[in-house]
Amino acid sequence: MASARHDQRTGADPVADGKAEAIAELMLEVAQCFFRIRALGQKTGLITSWGGGAFGFMRSLALLGPLTVPQIAQMRPTSRQRMQRLADELAAEGLVEFIDNPKHRRSKLVQLTRKGAARYGELNAQLMAIASTMGVALDEADIRKTAGVVRQLSDDVKLRSERLS
């Protein structure tokens with residue numbers, strides 16, 4: 001990305017310093033990487049024809065245990081209604097089930113079924129197989145540091161987005 005300099009064509013003054021440009025470049029690279037990951041996921045079956053949320057939805061349940069649909073929606077930049085549709089679709093496939101919630105009469109908990117846990121395990125193994133062949137020029141420490149930086153940036157974006165709501 002070009003550095004922020006006086007624009008000879010418009011006469012505009014610089015609007016970004018080096019750090020701002022670096023953050024903008026990182027955000028754009030992450031977005032491009034996301035779209036490439038999504039395309040790879042669609043080709044390999046990790047992302048279904050109706051969206052990539054199923055793996056992430058099942059991953060949340062596998063890692064955190066039973067959750068309500070609103071809890072799952074709060075973890076993602078999506079609506080509760082979208083997560084409800086996804087939960088219903090996964091339930092229709094026998095991958096999740098709705099169970100009583102001892103803390104709330106009307107808001108059921110969603111949990112993986114045995115079939116869902118097995119399917120999640122298959123998808124996760126497939127993801128690990130793909131991941132094991134990528135990034136061969138990078139060492140584990142660099143990859144983990146990069147993941148941490150992206151996580152921090154993501155958290156900052158989330159906070160700014162919540163302030164605008």
# chains A, B, ... in the order shown; residues from 1 in each chain; ligands from 1

$ select_by_dssp --residues "chain A" --states "helix (DSSP H, G or I)" --output "number ranges by chain"
A: 18-44, 53-64, 69-74, 80-92, 114-131, 140-164

$ closest_residue --among "A:Ala131, A:Val149, A:Leu61, A:Leu67" --to "A:Ala117" --atoms "only C-alpha atoms"
A:Leu61

$ residues_around --residues "A:Ala87" --least-positions-apart "6" --cutoff "8 Å" --atoms "only C-alpha atoms" --output "VMD selection string"
chain A and resid 69 96 110

$ residues_around --residues "A:Thr44" --least-positions-apart "2" --cutoff "10 Å" --atoms "only C-alpha atoms" --output "ChimeraX atom specification"
/A:38-42,46-48,123,126-127,130

$ residues_around --residues "A:Lys108" --least-positions-apart "4" --cutoff "6 Å" --atoms "only C-alpha atoms" --output "ChimeraX atom specification"
/A:98-101

$ select_by_dssp --residues "chain A" --states "strand (DSSP E or B)" --output "MDAnalysis selection string"
chainID A and resid 48 51 67:68 96:101 104:112

$ write_last_selection --atoms "C-alpha atoms" --output "CSV table (one decimal), in the first residue's frame"
chain,number,residue,atom,x,y,z
A,48,THR,CA,-22.1,-26.1,2.7
A,51,GLY,CA,-23.3,-21.1,4.1
A,67,LEU,CA,-25.9,-22.9,24.3
A,68,THR,CA,-29.0,-20.9,23.4
A,96,VAL,CA,-28.1,-30.8,16.8
A,97,GLU,CA,-31.1,-31.1,19.1
A,98,PHE,CA,-33.0,-28.6,21.3
A,99,ILE,CA,-33.1,-29.4,25.0
A,100,ASP,CA,-34.7,-27.8,28.0
A,101,ASN,CA,-32.9,-24.9,29.6
A,104,HIS,CA,-35.0,-20.1,31.0
A,105,ARG,CA,-38.4,-21.7,30.2
A,106,ARG,CA,-38.7,-20.5,26.6
A,107,SER,CA,-35.1,-20.3,25.4
A,108,LYS,CA,-34.1,-23.9,24.6
A,109,LEU,CA,-30.5,-25.0,24.6
A,110,VAL,CA,-28.9,-26.4,21.5
A,111,GLN,CA,-26.5,-29.3,21.8
A,112,LEU,CA,-24.7,-31.6,19.3

$ atom_distance --atom1 "atom CA of A:Ser154" --atom2 "atom CA of A:Leu95"
29.2 Å

$ closest_residue --among "A:Arg151, A:Lys145, A:Lys19, A:Arg59" --to "A:Ile72" --atoms "only C-alpha atoms"
A:Arg59

$ residues_around --residues "A:Glu29" --least-positions-apart "6" --cutoff "12 Å" --atoms "only C-alpha atoms" --output "count of residues only"
6

$ residues_around --residues "A:Asp155" --least-positions-apart "6" --cutoff "12 Å" --atoms "only C-alpha atoms" --output "ChimeraX atom specification"
/A:75-77,148-149,161-162

$ write_last_selection --atoms "all heavy atoms" --output "tab-separated table (two decimals), in the first residue's frame"
chain	number	residue	atom	x	y	z
A	75	MET	N	-21.95	-14.33	19.62
A	75	MET	CA	-20.55	-14.64	19.33
A	75	MET	C	-20.17	-14.32	17.89
A	75	MET	O	-19.01	-14.40	17.54
A	75	MET	CB	-20.28	-16.13	19.57
A	75	MET	CG	-20.41	-16.58	20.99
A	75	MET	SD	-20.03	-18.35	21.03
A	75	MET	CE	-21.19	-18.88	22.27
A	76	ARG	N	-21.16	-14.01	17.07
A	76	ARG	CA	-20.93	-13.83	15.64
A	76	ARG	C	-21.51	-12.51	15.15
A	76	ARG	O	-22.45	-12.00	15.72
A	76	ARG	CB	-21.62	-14.95	14.88
A	76	ARG	CG	-20.97	-16.28	15.12
A	76	ARG	CD	-21.82	-17.43	14.61
A	76	ARG	NE	-21.06	-18.64	14.63
A	76	ARG	CZ	-20.68	-19.26	15.73
A	76	ARG	NH1	-21.01	-18.78	16.89
A	76	ARG	NH2	-19.98	-20.37	15.68
A	77	PRO	N	-20.99	-12.03	14.05
A	77	PRO	CA	-21.57	-10.82	13.48
A	77	PRO	C	-22.78	-11.16	12.62
A	77	PRO	O	-22.77	-10.98	11.40
A	77	PRO	CB	-20.42	-10.25	12.65
A	77	PRO	CG	-19.65	-11.45	12.22
A	77	PRO	CD	-19.76	-12.43	13.37
A	148	GLY	N	-2.85	-14.01	16.98
A	148	GLY	CA	-3.09	-13.11	18.11
A	148	GLY	C	-3.32	-11.67	17.66
A	148	GLY	O	-4.21	-10.98	18.18
A	149	VAL	N	-2.54	-11.23	16.70
A	149	VAL	CA	-2.70	-9.87	16.18
A	149	VAL	C	-4.07	-9.73	15.50
A	149	VAL	O	-4.78	-8.75	15.72
A	149	VAL	CB	-1.55	-9.52	15.20
A	149	VAL	CG1	-1.84	-8.24	14.44
A	149	VAL	CG2	-0.23	-9.40	15.95
A	161	SER	N	-17.82	-1.42	16.52
A	161	SER	CA	-19.13	-1.70	15.92
A	161	SER	C	-20.23	-1.63	16.97
A	161	SER	O	-21.31	-1.08	16.72
A	161	SER	CB	-19.10	-3.08	15.26
A	161	SER	OG	-20.35	-3.38	14.70
A	162	GLU	N	-19.96	-2.15	18.16
A	162	GLU	CA	-20.97	-2.11	19.24
A	162	GLU	C	-21.26	-0.67	19.67
A	162	GLU	O	-22.39	-0.35	20.00
A	162	GLU	CB	-20.48	-2.94	20.43
A	162	GLU	CG	-20.53	-4.44	20.17
A	162	GLU	CD	-19.84	-5.27	21.23
A	162	GLU	OE1	-19.17	-4.69	22.14
A	162	GLU	OE2	-19.95	-6.51	21.15

$ closest_residue --among "A:Arg144, A:Lys103, A:Arg114, A:Arg82" --to "A:Ala62" --atoms "only C-alpha atoms"
A:Arg114

$ atom_distance --atom1 "atom CA of A:Phe55" --atom2 "atom CA of A:Tyr120"
6.9 Å

$ atom_distance --atom1 "atom CA of A:Gly121" --atom2 "atom CA of A:Asp139"
25.8 Å
